[in-house]
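Participant: Provided below: model_31.txt, containing compact mmCIF, C-alpha atoms (C1' of nucleotides).
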# COMPACT_ATOMS: atom_id res chain seq x y z
CA MET E 1 -9.48 6.34 -16.41
CA LYS E 2 -8.24 7.02 -12.88
CA ILE E 3 -6.39 4.21 -11.11
CA ALA E 4 -5.58 4.75 -7.43
CA THR E 5 -3.63 3.03 -4.66
CA TRP E 6 -4.21 3.75 -0.97
CA ASN E 7 -3.26 2.03 2.28
CA ILE E 8 -6.34 2.81 4.37
CA ASN E 9 -5.10 1.28 7.68
CA GLY E 10 -8.29 -0.56 8.57
CA VAL E 11 -11.61 -0.47 6.72
CA LYS E 12 -13.69 -0.52 9.89
CA ALA E 13 -11.97 2.57 11.29
CA ARG E 14 -11.79 4.28 7.91
CA ILE E 15 -15.09 3.52 6.18
CA ASP E 16 -16.48 7.08 6.31
CA THR E 17 -13.13 8.52 5.17
CA VAL E 18 -12.91 6.06 2.27
CA LEU E 19 -16.48 6.75 1.18
CA SER E 20 -15.83 10.51 1.21
CA TRP E 21 -12.65 10.01 -0.80
CA LEU E 22 -14.39 7.84 -3.40
CA GLU E 23 -17.04 10.52 -3.90
CA GLN E 24 -14.50 13.31 -4.19
CA SER E 25 -11.67 11.67 -6.13
CA ALA E 26 -13.92 9.31 -8.10
CA PRO E 27 -11.32 6.72 -9.15
CA ASP E 28 -12.40 4.15 -11.73
CA ILE E 29 -10.25 1.53 -10.04
CA ALA E 30 -9.10 1.80 -6.41
CA CYS E 31 -6.48 -0.56 -4.99
CA LEU E 32 -6.63 -0.63 -1.18
CA GLN E 33 -4.23 -2.13 1.34
CA GLU E 34 -4.38 -2.96 5.06
CA ILE E 35 -8.12 -3.49 5.05
CA LYS E 36 -7.61 -5.46 8.31
CA SER E 37 -10.79 -7.41 7.70
CA VAL E 38 -11.80 -10.91 6.73
CA ASP E 39 -13.73 -11.14 3.46
CA GLU E 40 -17.00 -12.11 5.22
CA ASN E 41 -17.00 -8.95 7.38
CA PHE E 42 -15.87 -6.49 4.70
CA PRO E 43 -18.52 -3.76 4.34
CA ARG E 44 -18.83 -4.26 0.61
CA GLU E 45 -22.44 -3.01 0.35
CA ALA E 46 -21.44 0.55 1.30
CA PHE E 47 -18.99 0.66 -1.60
CA GLU E 48 -21.25 -1.17 -4.04
CA ALA E 49 -23.82 1.55 -3.34
CA LEU E 50 -21.38 4.02 -4.92
CA GLY E 51 -21.25 1.91 -8.07
CA TYR E 52 -18.16 -0.17 -7.42
CA ASN E 53 -17.56 -3.85 -7.94
CA VAL E 54 -15.69 -5.09 -4.86
CA GLU E 55 -13.16 -7.90 -4.56
CA THR E 56 -11.12 -8.57 -1.42
CA ASN E 57 -8.36 -10.82 -0.15
CA GLY E 58 -8.57 -10.37 3.60
CA GLN E 59 -7.41 -11.97 6.83
CA LYS E 60 -8.12 -11.52 10.50
CA GLY E 61 -6.64 -8.49 12.21
CA PHE E 62 -3.83 -7.53 9.85
CA ASN E 63 -2.91 -7.04 6.20
CA GLY E 64 -5.60 -7.63 3.59
CA VAL E 65 -6.02 -6.01 0.15
CA ALA E 66 -8.96 -5.04 -2.04
CA ILE E 67 -9.82 -3.73 -5.49
CA PHE E 68 -12.86 -1.55 -6.19
CA SER E 69 -13.74 -1.10 -9.85
CA ARG E 70 -16.43 0.59 -11.89
CA LEU E 71 -15.70 -1.99 -14.60
CA PRO E 72 -16.80 -5.56 -13.89
CA PHE E 73 -14.07 -8.08 -13.06
CA ASP E 74 -13.41 -10.60 -15.85
CA GLU E 75 -11.08 -12.53 -13.54
CA VAL E 76 -9.76 -12.31 -9.97
CA ASN E 77 -6.59 -13.96 -8.65
CA ARG E 78 -5.82 -13.99 -4.93
CA GLY E 79 -2.40 -14.54 -3.40
CA LEU E 80 1.13 -14.20 -4.74
CA PRO E 81 2.36 -17.52 -6.15
CA GLY E 82 5.63 -19.10 -5.13
CA ASP E 83 5.13 -20.16 -1.49
CA ASP E 84 2.23 -22.41 -0.51
CA ASP E 85 3.02 -21.85 3.18
CA ASP E 86 2.52 -18.07 2.97
CA GLU E 87 -0.86 -17.36 4.56
CA GLN E 88 -0.59 -13.56 4.66
CA ALA E 89 -3.17 -11.75 2.50
CA ARG E 90 -1.11 -9.24 0.55
CA PHE E 91 -1.96 -9.68 -3.11
CA ILE E 92 -4.99 -9.57 -5.43
CA GLU E 93 -5.11 -9.23 -9.21
CA GLY E 94 -8.10 -8.07 -11.22
CA VAL E 95 -8.49 -8.40 -14.99
CA PHE E 96 -10.71 -5.97 -16.89
CA SER E 97 -11.91 -5.33 -20.44
CA THR E 98 -11.62 -1.72 -21.56
CA SER E 99 -12.50 -0.07 -24.85
CA ASN E 100 -8.77 -0.31 -25.55
CA GLY E 101 -8.44 -3.97 -24.65
CA VAL E 102 -7.40 -5.95 -21.58
CA LEU E 103 -6.15 -4.25 -18.41
CA ARG E 104 -4.59 -6.03 -15.43
CA VAL E 105 -4.41 -4.35 -12.03
CA VAL E 106 -2.79 -5.66 -8.84
CA SER E 107 -3.30 -4.37 -5.31
CA LEU E 108 -0.28 -5.42 -3.23
CA TYR E 109 0.85 -4.88 0.35
CA LEU E 110 4.53 -5.69 0.51
CA PRO E 111 5.84 -6.87 3.91
CA ASN E 112 7.35 -4.17 6.14
CA GLY E 113 10.36 -6.30 7.06
CA ASN E 114 11.25 -4.76 10.41
CA PRO E 115 13.02 -5.61 12.59
CA VAL E 116 15.74 -6.62 10.15
CA ASP E 117 17.31 -9.13 12.56
CA SER E 118 14.04 -11.07 12.72
CA ASP E 119 12.55 -13.52 10.22
CA LYS E 120 10.43 -10.65 8.93
CA PHE E 121 13.25 -9.23 6.81
CA PRO E 122 14.01 -12.43 4.86
CA TYR E 123 10.24 -12.86 4.46
CA LYS E 124 10.12 -9.41 2.85
CA LEU E 125 13.02 -10.16 0.49
CA GLY E 126 11.55 -13.55 -0.40
CA TRP E 127 8.21 -11.90 -1.13
CA MET E 128 9.96 -9.42 -3.42
CA ASP E 129 11.69 -12.29 -5.25
CA ARG E 130 8.32 -13.96 -5.77
CA LEU E 131 6.79 -10.68 -6.98
CA ASP E 132 9.67 -10.24 -9.43
CA ALA E 133 9.22 -13.75 -10.83
CA TRP E 134 5.44 -13.34 -11.13
CA ALA E 135 5.77 -9.91 -12.73
CA ARG E 136 8.27 -11.13 -15.35
CA GLU E 137 5.79 -13.83 -16.39
CA ARG E 138 3.05 -11.23 -16.74
CA LEU E 139 5.36 -8.92 -18.74
CA ALA E 140 5.68 -11.67 -21.36
CA LEU E 141 1.97 -11.18 -22.09
CA GLU E 142 2.79 -7.65 -23.33
CA GLU E 143 -0.41 -6.30 -21.80
CA PRO E 144 -1.15 -3.16 -19.78
CA LEU E 145 -0.43 -4.08 -16.14
CA VAL E 146 -0.50 -1.82 -13.08
CA LEU E 147 1.22 -3.04 -9.90
CA ALA E 148 -0.32 -0.70 -7.33
CA GLY E 149 0.37 -0.75 -3.66
CA ASP E 150 2.23 -0.12 -0.46
CA TYR E 151 5.72 -1.42 -1.32
CA ASN E 152 7.26 -0.53 2.04
CA VAL E 153 10.33 0.56 0.05
CA ILE E 154 11.85 4.06 -0.05
CA PRO E 155 13.43 3.95 -3.52
CA MET E 156 15.81 6.91 -3.29
CA PRO E 157 17.26 9.32 -0.70
CA GLY E 158 15.00 12.08 -2.02
CA ASP E 159 12.01 9.93 -1.15
CA CYS E 160 12.41 10.61 2.57
CA HIS E 161 12.81 13.67 4.75
CA ASP E 162 16.04 12.55 6.40
CA PRO E 163 17.86 9.55 4.89
CA ALA E 164 20.15 9.29 7.93
CA VAL E 165 17.34 8.14 10.21
CA TRP E 166 16.33 5.42 7.75
CA GLU E 167 19.79 3.84 7.52
CA GLY E 168 19.45 0.18 8.44
CA ASP E 169 15.64 0.22 8.33
CA ALA E 170 14.00 -2.53 6.25
CA LEU E 171 12.28 0.14 4.13
CA TYR E 172 15.64 1.60 3.09
CA ARG E 173 18.11 -1.28 3.30
CA PRO E 174 20.17 -1.82 0.12
CA GLU E 175 18.60 -5.26 -0.32
CA SER E 176 15.08 -3.76 -0.34
CA ARG E 177 15.97 -0.91 -2.66
CA GLY E 178 17.91 -3.31 -4.89
CA ALA E 179 14.92 -5.63 -5.20
CA PHE E 180 12.73 -2.65 -6.08
CA ARG E 181 15.21 -1.64 -8.79
CA ARG E 182 15.25 -5.19 -10.16
CA LEU E 183 11.50 -4.97 -10.60
CA ALA E 184 11.89 -1.65 -12.39
CA ASN E 185 14.71 -3.03 -14.53
CA ALA E 186 12.48 -5.91 -15.62
CA GLY E 187 10.46 -3.28 -17.44
CA PHE E 188 8.22 -1.45 -14.96
CA THR E 189 7.95 2.34 -14.80
CA ASP E 190 7.53 4.12 -11.45
CA ALA E 191 4.54 6.24 -12.52
CA LEU E 192 5.28 9.23 -10.29
CA ARG E 193 8.92 9.36 -11.35
CA ALA E 194 7.85 9.23 -14.99
CA VAL E 195 6.19 12.60 -14.62
CA THR E 196 8.20 14.46 -11.95
CA ASP E 197 11.56 14.43 -10.19
CA ALA E 198 10.28 16.64 -7.37
CA PRO E 199 11.81 15.55 -4.03
CA GLU E 200 9.79 15.42 -0.81
CA THR E 201 6.76 13.99 -2.56
CA TYR E 202 5.64 11.73 0.24
CA THR E 203 2.83 9.20 0.58
CA PHE E 204 3.17 8.30 4.28
CA TRP E 205 3.59 10.29 7.47
CA ASP E 206 3.80 8.44 10.80
CA TYR E 207 1.12 9.15 13.38
CA GLN E 208 3.87 9.65 15.97
CA ALA E 209 6.03 12.59 16.98
CA GLY E 210 4.26 15.15 14.80
CA ALA E 211 5.61 13.66 11.58
CA TRP E 212 2.80 15.19 9.49
CA GLN E 213 3.19 18.66 10.98
CA LYS E 214 6.95 18.52 10.33
CA ASN E 215 6.51 16.99 6.87
CA ASN E 216 8.65 14.11 8.04
CA GLY E 217 7.34 11.69 5.44
CA ILE E 218 8.42 8.94 3.09
CA ARG E 219 7.36 7.79 -0.40
CA ILE E 220 6.53 4.10 -0.22
CA ASP E 221 3.25 3.79 -2.15
CA HIS E 222 3.93 3.22 -5.82
CA LEU E 223 2.23 2.55 -9.15
CA MET E 224 4.52 0.39 -11.26
CA LEU E 225 3.51 0.21 -14.92
CA SER E 226 4.27 -2.32 -17.63
CA PRO E 227 5.39 -0.70 -20.92
CA GLU E 228 1.89 -1.06 -22.37
CA ALA E 229 0.46 0.71 -19.30
CA ALA E 230 3.21 3.33 -19.11
CA ASN E 231 2.49 4.35 -22.70
CA ARG E 232 -1.03 5.27 -21.58
CA LEU E 233 0.01 7.32 -18.53
CA GLU E 234 -1.18 10.93 -18.61
CA SER E 235 -0.58 12.29 -15.09
CA VAL E 236 -0.07 11.30 -11.46
CA ASP E 237 -1.51 12.99 -8.38
CA VAL E 238 -0.41 12.37 -4.79
CA GLU E 239 -3.47 13.44 -2.81
CA LYS E 240 -1.56 14.90 0.11
CA HIS E 241 -4.53 16.85 1.45
CA VAL E 242 -6.19 13.59 2.51
CA ARG E 243 -3.60 13.24 5.30
CA GLY E 244 -5.04 16.39 6.89
CA TRP E 245 -8.59 15.03 7.11
CA GLU E 246 -10.27 13.94 10.36
CA LYS E 247 -9.29 10.38 11.35
CA PRO E 248 -6.80 10.03 8.50
CA SER E 249 -4.91 6.97 7.41
CA ASP E 250 -1.15 7.42 7.81
CA HIS E 251 -0.92 6.95 4.00
CA VAL E 252 -2.44 9.09 1.23
CA PRO E 253 -3.83 8.03 -2.17
CA VAL E 254 -1.65 8.04 -5.28
CA VAL E 255 -3.76 8.39 -8.42
CA ALA E 256 -2.77 7.91 -12.05
CA GLN E 257 -4.77 9.30 -14.92
CA MET E 258 -4.49 6.85 -17.80
CA ALA E 259 -5.80 6.77 -21.37
CA PHE E 260 -8.08 3.75 -21.28
C1' DA V 1 12.37 13.35 25.52
C1' DT V 2 15.01 6.10 24.73
C1' DG V 3 9.25 8.94 23.98
C1' DG V 4 5.51 9.41 20.53
C1' DT V 5 0.09 7.27 17.83
C1' DT V 6 -3.26 4.32 15.78
C1' DG V 7 -5.93 -0.06 14.83
C1' DA V 8 -7.43 -4.65 15.88
C1' DC V 9 -8.36 -6.97 19.77
C1' DT V 10 -7.19 -9.28 24.44
C1' DT V 11 -3.16 -8.76 25.86
C1' DT V 12 0.13 -7.16 23.17
C1' DC V 13 1.45 -6.95 18.37
C1' DA V 14 2.10 -4.55 13.99
C1' DA V 15 3.18 -0.49 11.83
Rewrite the structure from the file as structure tokens, please.
Facilitator:
Amino acid sequence: MKIATWNINGVKARIDTVLSWLEQSAPDIACLQEIKSVDENFPREAFEALGYNVETNGQKGFNGVAIFSRLPFDEVNRGLPGDDDDEQARFIEGVFSTSNGVLRVVSLYLPNGNPVDSDKFPYKLGWMDRLDAWARERLALEEPLVLAGDYNVIPMPGDCHDPAVWEGDALYRPESRGAFRRLANAGFTDALRAVTDAPETYTFWDYQAGAWQKNNGIRIDHLMLSPEAANRLESVDVEKHVRGWEKPSDHVPVVAQMAF
DNA sequence: ATGGTTGACTTTCAA
């Protein structure tokens, strides 16, 4: 089974690109972020025509996450618990039945957090605290769980082209990286780092200043696996070539092959 | 070079 995460930067602008990718990469489960669409306007029929079940948690203009799955959804949970006042659509969980038992998959879009002197940075850190608390509850189930998404966190210096330029940025601040490590320390495996220590394996290149041409990228899209999921990991592919397509997203898909 | 690009959407904001 192939499980993918991809920040598509707008489903309306990216629909043809996403359809082409689904046909070529053929994930069994695709976790998408930044759909930038409300649920009522999401072009679900185009994706259903390719054989996917579609569940979304959208909002107007910004954010929004989705899960496409060849397996039917047994259960769908929208929104990260822990703050009833949080109206940003950044979290959706799907529960599936596989031939090897239950599988839980989350598509998450973690807040960017910049600028760090605004309320956006504490919102990011608070969101990470809530994710940590939610994830620890799920770990107690001892089930395969994949936390897939755009974490907006550069975990290590080797995950960016030039660490010096990221000093002080919300994606690289010690608080952000520390919260990401706490999640890992709770018992989640960074899928890519489980299979390779290769530096300069990026998942995002800014549209500006020729970042793609200069390979000035960062690794911020991650698949975090519970022990039961990590034990079924076979390989991970960062589909870098997708960044070179016409009308690309600024992120590329990260795809895990898993034994389900 | 204090810039640069893209998307959603009114006018700038978010990234």
Participant: Can you pull out every residue within 6 Å of range 1-13 of chain V, counting all atoms listed in the file, but drop anything in the same chain fewer than 4 positions away, and send it as a list of chain:residue names?
Facilitator: E:Gly61, E:Tyr207, E:Gln208, E:Ala209
Participant: Work out how far CA of Asp129 in chain E is from CA of Asp83 in chain E, in Å to one decimal.
Facilitator: 10.9 Å
Participant: Please measure the separation of CA of Ser107 in chain E and CA of Val165 in chain E, giving the value in Å to one decimal.
Facilitator: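 Computing the Euclidean distance for CA of Ser107 in chain E and CA of Val165 in chain E yields 28.7 Å.
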Participant: Work out how far apart CA of Trp166 in chain E and CA of Gly217 in chain E are and give it in Å to one decimal.
Facilitator: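 Those two atoms sit 11.2 Å apart.
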Participant: Compute the set of chain E residues within 12 Å of chain V, using only C-alpha atoms (C1' of nucleotides), and express it as a PyMOL selection string.
Facilitator: chain E and resi 7-14+34-38+59-63+111-115+120+152+171+204-212+247-251
Participant: Using only C-alpha atoms, pick whichever of E:Arg138, E:Asn57, E:Ala179, E:Phe91 has the shortest atom-to-atom distance to Phe42 in chain E.
Facilitator: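 Closest to Phe42 in chain E of all the choices is E:Asn57.
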Participant: Nearest to Gly187 in chain E among E:Leu139, E:Val146, E:Val102, E:Ala229, with distances taken over all atoms listed in the file: which residue is it?
Facilitator: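 When distances to Gly187 in chain E are compared using all atoms listed in the file, the smallest one comes from E:Leu139.
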Participant: Between E:Leu110, E:Ala186, E:Pro174, E:Gly94, single out the one closest to Arg136 in chain E, counting all atoms listed in the file.
Facilitator: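 Counting all atoms listed in the file, the residue closest to Arg136 in chain E is E:Ala186.
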Participant: Given 8 Å on each side, where is the centre and what are the edge lengths in Å to one decimal of the axis-aligned box enclosing the listed atoms of chain V, as lines of an AutoDock Vina configuration file?
Facilitator:
center_x = 3.3
center_y = 2.0
center_z = 18.8
size_x = 39.4
size_y = 38.6
size_z = 30.0
